[in-house]
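Colleague: coords.txt (compact mmCIF, C-alpha atoms) pasted underneath:
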```txt
# COMPACT_ATOMS: atom_id res chain seq x y z
CA MET A 19 109.51 154.87 103.60
CA ARG A 20 112.92 153.59 104.68
CA ASN A 21 111.33 151.15 107.16
CA ARG A 22 109.04 149.84 104.44
CA LEU A 23 112.06 149.20 102.20
CA TRP A 24 113.72 147.21 104.98
CA VAL A 25 110.59 145.12 105.42
CA VAL A 26 110.50 144.34 101.70
CA MET A 27 114.19 143.43 101.65
CA VAL A 28 113.93 141.15 104.67
CA GLY A 29 110.86 139.53 103.13
CA LEU A 30 112.63 138.85 99.86
CA LEU A 31 115.69 137.48 101.65
CA SER A 32 113.53 135.18 103.77
CA ALA A 33 111.72 133.89 100.70
CA ALA A 34 115.03 133.13 99.01
CA LEU A 35 116.58 131.44 102.03
CA PHE A 36 113.52 129.60 103.24
CA PRO A 37 111.34 128.59 100.29
CA VAL A 38 107.80 127.70 101.26
CA ASP A 39 107.17 124.00 101.68
CA PRO A 40 103.62 123.23 102.79
CA PHE A 41 104.85 120.20 104.69
CA ALA A 42 107.88 121.85 106.24
CA GLN A 43 106.25 123.00 109.45
CA ASN A 44 107.20 119.79 111.12
CA ARG A 45 110.29 118.18 109.65
CA SER A 46 110.64 116.08 112.80
CA THR A 47 107.34 114.26 112.46
CA GLN A 48 106.01 113.50 115.93
CA THR A 49 103.62 110.77 114.93
CA TRP A 50 102.62 108.50 112.08
CA PRO A 51 100.14 110.26 109.82
CA GLN A 52 97.13 108.28 108.59
CA PRO A 53 98.33 105.53 106.19
CA VAL A 54 96.07 106.69 103.37
CA PRO A 55 96.38 109.84 101.25
CA ALA A 56 93.95 112.30 102.76
CA ARG A 57 95.02 115.78 101.79
CA ALA A 58 92.23 118.28 101.37
CA PRO A 59 91.99 120.15 98.05
CA ILE A 60 94.11 123.30 97.83
CA ALA A 61 92.21 126.55 97.54
CA GLU A 62 92.90 128.53 94.35
CA LYS A 63 94.35 131.41 96.34
CA ASP A 64 96.89 129.08 97.99
CA LYS A 65 98.12 127.45 94.81
CA LYS A 66 101.76 127.90 93.89
CA PRO A 67 103.55 127.57 90.56
CA ALA A 68 104.94 124.21 89.53
CA PRO A 69 108.64 123.61 90.03
CA ARG A 70 110.64 123.34 86.81
CA ARG A 71 111.12 119.84 85.39
CA SER A 72 110.05 118.01 88.51
CA LEU A 73 107.39 115.38 89.11
CA VAL A 74 108.72 114.48 92.54
CA GLY A 75 106.12 113.79 95.15
CA MET A 76 103.47 111.47 96.45
CA TRP A 77 100.48 111.68 94.13
CA GLY A 78 96.99 110.53 94.89
CA ALA A 79 93.43 111.00 93.86
CA ILE A 80 91.77 114.37 94.08
CA ALA A 81 89.51 114.23 97.13
CA GLY A 82 86.13 112.87 96.09
CA ASN A 83 87.51 111.41 92.88
CA ARG A 84 88.89 108.14 94.22
CA GLN A 85 86.74 105.94 92.02
CA ALA A 86 88.38 107.38 88.93
CA THR A 87 91.81 106.24 90.03
CA ASN A 88 90.53 102.72 90.60
CA GLN A 89 89.08 102.43 87.11
CA SER A 90 87.26 99.28 88.23
CA SER A 91 84.91 99.37 85.27
CA GLY A 92 87.61 99.82 82.66
CA VAL A 93 90.04 102.56 81.73
CA GLN A 94 89.08 106.02 82.88
CA LEU A 95 88.06 107.54 79.54
CA LYS A 96 86.41 104.39 78.14
CA PRO A 97 84.59 102.49 80.87
CA ASN A 98 83.37 99.13 79.60
CA ASN A 99 79.66 99.76 80.03
CA GLY A 100 78.31 98.99 76.58
CA ARG A 101 77.59 102.57 75.65
CA PRO A 102 78.27 103.36 71.97
CA GLU A 103 80.76 106.10 72.77
CA ASN A 104 82.89 103.61 74.71
CA GLN A 105 83.13 100.94 72.00
CA LEU A 106 86.75 100.24 71.13
CA PRO A 107 88.20 99.96 67.58
CA TYR A 108 89.06 96.27 67.80
CA THR A 109 90.73 94.40 64.99
CA PRO A 110 89.15 90.96 64.38
CA TYR A 111 92.00 89.42 66.39
CA GLY A 112 91.53 92.00 69.13
CA LEU A 113 87.85 91.20 69.42
CA GLN A 114 88.60 87.49 69.52
CA LEU A 115 91.08 88.13 72.33
CA TYR A 116 88.57 90.23 74.26
CA LYS A 117 85.95 87.49 74.02
CA SER A 118 88.43 84.96 75.39
CA HIS A 119 89.05 87.10 78.48
CA LYS A 120 86.67 86.52 81.38
CA GLY A 121 86.83 89.65 83.50
CA LEU A 122 85.27 90.31 86.88
CA GLU A 123 84.23 93.82 85.94
CA GLY A 124 82.46 95.56 83.10
CA ILE A 125 79.44 94.71 81.02
CA ASP A 126 80.62 91.17 80.24
CA ALA A 127 81.68 90.37 83.83
CA VAL A 128 81.64 86.73 84.89
CA PRO A 129 81.35 85.23 88.40
CA GLN A 130 84.49 84.80 90.46
CA ALA A 131 84.79 81.09 89.70
CA GLU A 132 84.83 81.64 85.92
CA THR A 133 87.40 84.40 85.61
CA ASN A 134 90.76 84.02 83.87
CA ASP A 135 92.04 87.43 84.97
CA PRO A 136 95.83 87.14 85.50
CA ARG A 137 95.47 89.51 88.47
CA VAL A 138 93.50 86.92 90.41
CA ARG A 139 96.53 84.63 90.20
CA CYS A 140 98.65 87.52 91.48
CA GLU A 141 100.43 87.89 88.17
CA PRO A 142 102.09 91.32 87.83
CA LEU A 143 99.76 93.78 86.12
CA GLY A 144 102.56 95.29 84.01
CA VAL A 145 102.06 98.51 82.11
CA PRO A 146 99.74 99.99 81.22
CA ARG A 147 97.37 98.08 83.53
CA HIS A 148 99.26 99.23 86.60
CA ASN A 149 98.28 102.75 85.53
CA HIS A 150 94.65 101.68 85.69
CA TYR A 151 94.39 99.97 89.04
CA ASP A 152 94.22 101.29 92.60
CA LEU A 153 96.34 104.29 91.74
CA GLY A 154 98.51 106.15 94.10
CA ILE A 155 102.11 106.70 93.09
CA GLN A 156 105.25 108.13 94.52
CA ILE A 157 107.74 109.68 92.11
CA PHE A 158 111.44 110.18 92.64
CA GLN A 159 113.84 111.46 90.04
CA ASP A 160 117.47 112.29 89.38
CA GLU A 161 119.31 113.61 86.34
CA TYR A 162 119.03 110.25 84.56
CA LYS A 163 115.62 108.91 85.39
CA VAL A 164 112.18 109.18 86.89
CA ALA A 165 111.21 106.33 89.19
CA MET A 166 107.55 105.59 89.77
CA LEU A 167 106.52 103.61 92.82
CA TYR A 168 103.07 102.11 92.46
CA GLN A 169 100.98 101.66 95.58
CA TYR A 170 99.30 98.45 94.40
CA ASP A 171 101.49 95.42 95.03
CA ASN A 172 104.47 97.67 95.82
CA ARG A 173 105.80 97.72 92.25
CA TRP A 174 108.21 100.19 90.73
CA ARG A 175 109.14 101.33 87.26
CA VAL A 176 111.93 103.43 85.73
CA ILE A 177 111.55 106.01 82.97
CA TRP A 178 114.90 107.02 81.52
CA THR A 179 115.27 110.76 80.87
CA ASP A 180 118.97 110.84 79.99
CA GLY A 181 118.47 111.01 76.24
CA ARG A 182 118.76 107.33 75.41
CA PRO A 183 116.67 106.27 72.40
CA LEU A 184 113.51 104.23 72.56
CA PRO A 185 114.38 100.59 71.74
CA LYS A 186 113.20 99.23 68.41
CA LEU A 187 110.13 97.06 68.78
CA VAL A 188 110.66 93.66 67.13
CA ASP A 189 108.85 90.31 67.26
CA GLY A 190 109.08 88.87 70.75
CA GLY A 191 110.98 91.74 72.33
CA VAL A 192 113.04 94.81 71.49
CA GLU A 193 116.33 95.56 69.79
CA ILE A 194 118.94 97.78 71.41
CA ASP A 195 122.17 98.45 69.49
CA ALA A 196 121.44 95.44 67.26
CA GLU A 197 121.07 93.21 70.32
CA PHE A 198 117.82 91.39 71.02
CA ARG A 199 116.38 92.02 74.50
CA GLU A 200 113.51 90.31 76.30
CA ARG A 201 110.02 91.67 76.91
CA ARG A 202 109.34 93.08 80.37
CA TRP A 203 106.32 93.60 82.61
CA PHE A 204 107.01 97.34 82.62
CA GLY A 205 108.54 97.50 79.15
CA TYR A 206 111.28 99.95 78.22
CA SER A 207 110.42 103.59 78.90
CA VAL A 208 112.15 106.79 77.83
CA GLY A 209 110.99 110.28 78.67
CA LYS A 210 111.63 113.73 77.25
CA TRP A 211 110.74 117.12 78.70
CA VAL A 212 108.78 118.83 75.95
CA ASP A 213 108.65 121.96 78.08
CA ASP A 214 109.58 122.76 81.68
CA TYR A 215 106.37 121.26 83.04
CA THR A 216 105.55 118.42 80.64
CA LEU A 217 107.28 115.06 80.44
CA GLU A 218 106.35 112.86 77.47
CA VAL A 219 107.08 109.17 77.92
CA GLN A 220 107.22 106.42 75.29
CA THR A 221 107.12 102.75 76.24
CA VAL A 222 107.57 99.57 74.17
CA GLY A 223 108.62 95.98 74.86
CA THR A 224 105.75 95.01 77.15
CA MET A 225 104.44 91.50 77.81
CA PRO A 226 102.34 89.57 75.27
CA GLU A 227 98.58 89.17 75.16
CA ASP A 228 98.48 85.89 77.06
CA ARG A 229 100.14 87.50 80.10
CA VAL A 230 98.64 90.97 80.54
CA TRP A 231 95.35 92.81 80.13
CA LEU A 232 94.68 96.48 79.57
CA ASP A 233 92.15 96.80 82.37
CA ASN A 234 89.91 94.99 84.84
CA THR A 235 87.29 94.25 82.23
CA GLY A 236 89.55 92.08 80.08
CA ARG A 237 90.27 94.50 77.27
CA PRO A 238 93.37 93.12 75.52
CA ILE A 239 96.79 94.46 74.57
CA SER A 240 99.62 92.74 72.72
CA ASP A 241 103.40 92.88 72.71
CA GLN A 242 103.16 95.27 69.74
CA LEU A 243 101.83 97.92 72.11
CA ARG A 244 103.26 101.43 72.13
CA ILE A 245 102.28 103.60 75.08
CA THR A 246 102.54 107.38 75.10
CA GLU A 247 102.14 109.04 78.48
CA THR A 248 102.18 112.73 79.24
CA PHE A 249 102.81 114.00 82.76
CA ARG A 250 101.84 117.64 82.95
CA ARG A 251 102.56 119.54 86.13
CA LEU A 252 99.75 122.06 86.22
CA ASP A 253 100.95 123.77 89.38
CA TYR A 254 102.71 122.80 92.61
CA ASP A 255 99.85 120.61 93.80
CA ASP A 256 98.32 119.25 90.61
CA LEU A 257 99.50 116.72 88.06
CA GLU A 258 97.67 115.55 84.96
CA TRP A 259 98.61 112.10 83.67
CA SER A 260 97.45 111.24 80.16
CA GLU A 261 97.87 107.97 78.31
CA THR A 262 97.34 106.92 74.70
CA ILE A 263 97.88 103.41 73.37
CA GLU A 264 98.69 102.24 69.86
CA ASP A 265 98.51 98.51 69.20
CA PRO A 266 97.92 97.57 65.53
CA LYS A 267 97.55 93.89 66.40
CA VAL A 268 94.55 94.58 68.63
CA TYR A 269 93.16 98.03 67.75
CA THR A 270 92.70 99.65 64.34
CA ARG A 271 93.82 103.07 65.59
CA PRO A 272 95.45 104.72 68.61
CA TRP A 273 93.08 105.83 71.38
CA GLN A 274 93.30 107.69 74.65
CA THR A 275 92.74 105.65 77.81
CA MET A 276 93.05 108.24 80.53
CA LYS A 277 93.57 111.86 81.48
CA MET A 278 93.91 111.52 85.21
CA PRO A 279 94.08 114.42 87.65
CA LEU A 280 96.29 113.70 90.64
CA ALA A 281 96.90 115.79 93.74
CA LEU A 282 100.13 116.15 95.70
CA GLN A 283 99.84 114.35 99.03
CA ASP A 284 101.59 114.68 102.35
CA PRO A 285 105.05 113.15 101.69
CA ARG A 286 105.12 111.78 105.24
CA THR A 287 102.32 109.34 104.47
CA ASP A 288 103.53 105.81 105.18
CA ILE A 289 101.06 104.24 102.83
CA MET A 290 99.23 101.00 103.60
CA THR A 291 100.54 98.07 101.65
CA ARG A 292 98.27 96.18 99.33
CA TYR A 293 100.12 93.13 98.18
CA CYS A 294 98.57 90.46 96.05
CA SER A 295 99.33 87.40 98.13
CA PRO A 296 98.52 84.04 96.51
CA VAL A 297 97.95 82.58 99.99
CA GLU A 298 95.46 85.31 100.92
CA ILE A 299 93.72 85.10 97.54
CA GLU A 300 93.33 81.35 97.91
CA ALA A 301 92.01 81.69 101.45
CA TYR A 302 89.58 84.40 100.36
CA ASN A 303 88.27 82.39 97.42
CA LYS A 304 87.81 79.27 99.52
CA ALA A 305 86.03 81.07 102.34
CA TYR A 306 84.05 83.58 100.34
CA GLY A 307 84.66 84.10 96.63
CA ASP A 308 83.64 80.63 95.49
CA PRO A 309 80.53 80.13 97.63
CA VAL A 310 79.19 83.64 97.03
CA SER A 311 79.47 83.27 93.27
CA ALA A 312 78.16 79.69 93.13
CA LYS A 313 74.87 79.27 91.27
CA MET B 22 70.07 129.82 89.88
CA ARG B 23 71.44 128.88 93.29
CA VAL B 24 68.91 126.05 93.65
CA ARG B 25 69.98 124.75 90.25
CA GLN B 26 73.62 124.80 91.28
CA VAL B 27 72.82 122.87 94.43
CA MET B 28 70.83 120.32 92.40
CA VAL B 29 73.74 119.85 89.99
CA PHE B 30 76.09 119.40 92.96
CA VAL B 31 73.80 116.88 94.62
CA THR B 32 73.42 114.97 91.35
CA ALA B 33 77.19 114.95 90.87
CA ILE B 34 77.72 113.61 94.39
CA GLY B 35 75.07 110.97 93.72
CA LEU B 36 76.86 109.88 90.57
CA LEU B 37 80.16 109.70 92.41
CA MET B 38 78.63 107.56 95.11
CA SER B 39 77.17 105.17 92.55
CA VAL B 40 80.50 104.12 91.09
CA PRO B 41 82.16 101.01 92.49
CA LEU B 42 85.30 101.48 94.56
CA VAL B 43 88.17 99.04 94.38
CA ALA B 44 86.36 95.92 93.37
CA HIS B 45 87.95 92.52 93.24
CA HIS B 46 84.86 91.31 91.49
CA SER B 47 81.64 92.80 90.24
CA ALA B 48 79.15 93.38 93.03
CA THR B 49 76.54 94.07 90.37
CA THR B 50 75.97 90.39 89.70
CA LEU B 51 76.89 88.90 93.06
CA TYR B 52 74.50 90.78 95.35
CA THR B 53 70.90 91.81 95.49
CA GLN B 54 70.18 95.53 95.29
CA LYS B 55 68.29 95.53 98.60
CA THR B 56 69.98 95.71 101.98
CA VAL B 57 69.15 93.76 105.14
CA THR B 58 70.04 94.55 108.75
CA LEU B 59 70.86 91.71 111.15
CA LYS B 60 71.88 91.59 114.80
CA GLY B 61 74.55 89.03 115.59
CA ILE B 62 77.60 87.92 117.50
CA VAL B 63 81.08 88.24 115.99
CA LYS B 64 82.99 85.04 115.39
CA THR B 65 86.00 86.26 113.40
CA TRP B 66 87.29 89.39 111.68
CA ARG B 67 89.95 88.93 109.04
CA TRP B 68 91.85 92.07 108.00
CA SER B 69 93.36 90.93 104.73
CA ASN B 70 93.58 91.38 101.00
CA PRO B 71 91.86 91.30 98.64
CA HIS B 72 88.90 91.89 101.00
CA CYS B 73 88.31 91.88 104.75
CA LEU B 74 85.89 89.23 106.03
CA LEU B 75 83.55 89.34 109.02
CA THR B 76 81.98 86.12 110.28
CA PHE B 77 79.05 86.42 112.70
CA ASP B 78 76.24 84.29 114.07
CA VAL B 79 72.60 85.32 113.79
CA LYS B 80 69.89 83.67 115.85
CA GLY B 81 66.60 83.41 114.02
CA GLU B 82 63.10 83.66 115.50
CA ASP B 83 62.96 79.84 115.45
CA GLY B 84 66.07 79.69 117.63
CA GLN B 85 68.25 78.41 114.81
CA VAL B 86 71.68 80.02 114.54
CA VAL B 87 72.93 80.85 111.05
CA GLN B 88 76.53 81.79 110.44
CA TRP B 89 76.93 84.71 108.04
CA LEU B 90 80.05 85.85 106.25
CA ALA B 91 80.26 89.43 105.01
CA GLU B 92 83.01 91.07 103.03
CA THR B 93 84.26 94.61 102.83
CA GLN B 94 86.70 96.13 100.39
CA ALA B 95 90.48 95.94 100.85
CA PRO B 96 92.02 97.34 104.05
CA ASN B 97 93.41 100.43 102.31
CA THR B 98 89.90 101.32 101.16
CA VAL B 99 87.90 100.60 104.31
CA TYR B 100 90.44 102.30 106.56
CA THR B 101 88.89 105.58 105.49
CA GLU B 102 85.46 104.25 106.53
CA GLY B 103 86.66 103.70 110.08
CA TYR B 104 87.53 100.01 109.99
CA ARG B 105 90.69 98.86 111.72
CA PRO B 106 92.44 95.48 112.19
CA ASN B 107 90.97 95.29 115.71
CA SER B 108 87.51 96.70 114.99
CA PHE B 109 85.80 93.46 116.03
CA LYS B 110 86.64 90.73 118.46
CA PRO B 111 84.93 87.40 119.08
CA ASP B 112 81.64 87.62 121.02
CA ASP B 113 81.11 91.32 120.22
CA GLU B 114 77.47 92.18 119.66
CA ILE B 115 76.98 93.89 116.32
CA THR B 116 74.30 95.13 114.01
CA VAL B 117 75.24 94.55 110.41
CA THR B 118 73.69 96.07 107.31
CA MET B 119 74.60 94.36 104.09
CA ARG B 120 73.54 93.40 100.60
CA PRO B 121 72.91 89.65 100.65
CA ALA B 122 74.29 87.28 98.03
CA ALA B 123 72.05 86.87 95.00
CA ASN B 124 72.31 83.09 95.28
CA GLY B 125 70.48 83.08 98.62
CA ARG B 126 73.39 81.79 100.68
CA PRO B 127 74.38 83.49 103.97
CA TYR B 128 76.97 85.77 102.44
CA GLY B 129 76.84 89.49 101.87
CA LEU B 130 78.52 92.76 101.06
CA LEU B 131 78.97 94.63 104.33
CA THR B 132 77.70 98.16 104.09
CA GLN B 133 77.65 99.23 107.71
CA ALA B 134 78.47 97.68 111.08
CA VAL B 135 77.31 99.19 114.36
CA LEU B 136 79.09 98.11 117.53
CA ALA B 137 77.39 97.68 120.90
CA ASP B 138 78.64 101.12 122.01
CA GLY B 139 77.04 102.74 118.97
CA THR B 140 80.21 103.14 116.96
CA LYS B 141 79.37 103.06 113.25
CA LEU B 142 81.79 101.68 110.69
CA GLY B 143 81.24 102.18 106.97
CA SER B 144 78.15 103.80 105.60
CA GLU B 145 75.03 102.51 103.97
CA GLU B 146 75.36 105.07 101.20
CA GLY B 147 78.98 104.28 100.49
CA ALA B 148 78.39 100.59 100.28
CA ARG B 149 75.35 100.97 98.06
CA GLY B 150 77.76 102.69 95.73
CA ARG B 151 80.21 99.81 95.88
CA GLY B 152 77.77 97.48 94.30
CA ALA B 153 76.05 99.77 91.86
CA ALA B 154 76.17 99.22 88.13
CA ALA B 155 79.31 100.38 86.42
CA GLN B 156 79.32 103.78 84.82
```
Rewrite the structure of this file - the entire thing - as structure tokens.
Modeller:
Amino acid sequence: MRNRLWVVMVGLLSAALFPVDPFAQNRSTQTWPQPVPARAPIAEKDKKPAPRRSLVGMWGAIAGNRQATNQSSGVQLKPNNGRPENQLPYTPYGLQLYKSHKGLEGIDAVPQAETNDPRVRCEPLGVPRHNHYDLGIQIFQDEYKVAMLYQYDNRWRVIWTDGRPLPKLVDGGVEIDAEFRERRWFGYSVGKWVDDYTLEVQTVGTMPEDRVWLDNTGRPISDQLRITETFRRLDYDDLEWSETIEDPKVYTRPWQTMKMPLALQDPRTDIMTRYCSPVEIEAYNKAYGDPVSAK
Amino acid sequence: MRVRQVMVFVTAIGLLMSVPLVAHHSATTLYTQKTVTLKGIVKTWRWSNPHCLLTFDVKGEDGQVVQWLAETQAPNTVYTEGYRPNSFKPDDEITVTMRPAANGRPYGLLTQAVLADGTKLGSEEGARGRGAAAQ
């Protein structure tokens, strides 16, 4: 009985002093792990509770669900495939904008030579399109902010969690303390923990409709866009990232674009870069893109 | 019941495979749905964004040599299919399976490459999925 008590005490002490970290077996990494997220799904029995108020980690697609994170055919919950359930509530102006966009994906896709997708010119995707393209993110945070590092084109974004208010959305930009500020590719984001495992993020002040698209299929957004994201830490290894957009200039009502499951990846992954290089794009189009899409 | 579960699983996998991966452009309109397999000699292999490009010569039955150019997805996607920056070098003998361009020109979407030593890169199934109609 006494021995058993000792075992329990030593066990508890060990757990307190050396918390379990699934990647801690080898702090001095002896080699370079594969440069792509490749962690196998975690068995239910091995799942651990989520840490409190933390999104820190490298997050990637659930194994076998990679196509969802790419959202090539349009945002995850509304792929642009012509099905009635995926029709969007366009305003007349929104529909006019959509028709002026010549995307390379979706039901109205055009050949390479006819596209006017800003991405093909290596323009920054901005938010929310960065949330809809070749996902894989790394998140760091401190007591003031959450920083999101996007895999595609090595971009990063800051979400302020220190209590500052969301700027007021005005024509052509935002207003902060009665001062006019410019629009930004990633807008102005503030986040609030609604409980210990859920961060709600509001974003305004994004780029106008002639600079950014919502997704690969040319769905539009305007500078009157308001984005609401929810990051819900389901457990230690699973994160659910939801997004709803409200844009009265383009859509008659708010609608949900994604509810993306992400899995915690090996933090030692030195991920492959995927820059959009104008030189490489030009070389690709000259050698391949133009001739393959010629009539 | 078990058979039904397996069927549902197989159907789900099939659906997953039929969704395009990272696509710079829509393969639905650019390529035919059929695949062809050609034996050839590597000229160049370009490991770059937005897509990797493989140039190879194919000698026809009439003795004429046609230069083909096949693309894969971006390096960060095809890495998981076995491709590497040095997967091919000039004069390598290869067997290439691809979906040819719909316009009849010697271009195609690379689905699988087999090296002279039998090493297989990519998969026919995976690449069929790359070009399938959007969900």
Colleague: Please report the interatomic distance between atom CA of A:Glu247 and atom CA of A:Met166 in Å with one decimal.
Modeller: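 Taking atom CA of A:Glu247 as the start and atom CA of A:Met166 as the end point, the length is 13.0 Å.
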Colleague: Point out the residue among B:Thr53, B:Asn107, B:Asn97, B:Gln88 with the least atom-to-atom distance to chain A, counting all atoms listed in the file.
Modeller: B:Asn97
Colleague: Near chain B, meaning an atom within 9 Å, which residues of chain A appear when counting only C-alpha atoms? Write them as JSON, numbers by chain.
Modeller: {"A": [53, 54, 56, 82, 83, 84, 85, 86, 88, 89, 90, 91, 97, 98, 99, 121, 122, 123, 124, 125, 127, 128, 129, 130, 138, 151, 152, 234, 289, 290, 291, 292, 293, 294, 295, 298, 299, 302, 305, 306, 307, 309, 310, 311, 312, 313]}
Colleague: So what do you get for atom CA of A:Ser118 versus atom CA of A:Tyr170, distance-wise?
Modeller: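 Straight-line distance from atom CA of A:Ser118 to atom CA of A:Tyr170 works out to 25.7 Å.
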Colleague: Taking into account only C-alpha atoms, which residue in the set A:Met225, A:Val219, A:Met76, A:Val230 is nearest to A:Tyr168?
Modeller: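 Of A:Met225, A:Val219, A:Met76, A:Val230, the one nearest A:Tyr168, counting only C-alpha atoms, is A:Met76.
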Colleague: Rounded to one decimal in Å, what is the spacing between atom CA of A:Ala196 and atom CA of A:Asp228?
Modeller: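 Straight-line distance from atom CA of A:Ala196 to atom CA of A:Asp228 works out to 26.7 Å.
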Colleague: Please return, as a PDB file with C-alpha atoms, in the coordinates of the input, all polymer residues that have at least one atom within 10 Å of the point (94.4, 86.2, 83.4); use only C-alpha atoms and the file's own coordinate frame.
Modeller:
```pdb
ATOM      1  CA  HIS A 119      89.050  87.100  78.480  1.00  0.00           C
ATOM      2  CA  LYS A 120      86.670  86.520  81.380  1.00  0.00           C
ATOM      3  CA  GLY A 121      86.830  89.650  83.500  1.00  0.00           C
ATOM      4  CA  THR A 133      87.400  84.400  85.610  1.00  0.00           C
ATOM      5  CA  ASN A 134      90.760  84.020  83.870  1.00  0.00           C
ATOM      6  CA  ASP A 135      92.040  87.430  84.970  1.00  0.00           C
ATOM      7  CA  PRO A 136      95.830  87.140  85.500  1.00  0.00           C
ATOM      8  CA  ARG A 137      95.470  89.510  88.470  1.00  0.00           C
ATOM      9  CA  VAL A 138      93.500  86.920  90.410  1.00  0.00           C
ATOM     10  CA  ARG A 139      96.530  84.630  90.200  1.00  0.00           C
ATOM     11  CA  CYS A 140      98.650  87.520  91.480  1.00  0.00           C
ATOM     12  CA  GLU A 141     100.430  87.890  88.170  1.00  0.00           C
ATOM     13  CA  LEU A 143      99.760  93.780  86.120  1.00  0.00           C
ATOM     14  CA  GLU A 227      98.580  89.170  75.160  1.00  0.00           C
ATOM     15  CA  ASP A 228      98.480  85.890  77.060  1.00  0.00           C
ATOM     16  CA  ARG A 229     100.140  87.500  80.100  1.00  0.00           C
ATOM     17  CA  VAL A 230      98.640  90.970  80.540  1.00  0.00           C
ATOM     18  CA  TRP A 231      95.350  92.810  80.130  1.00  0.00           C
ATOM     19  CA  ASN A 234      89.910  94.990  84.840  1.00  0.00           C
ATOM     20  CA  GLY A 236      89.550  92.080  80.080  1.00  0.00           C
TER      21      GLY A 236
END
```
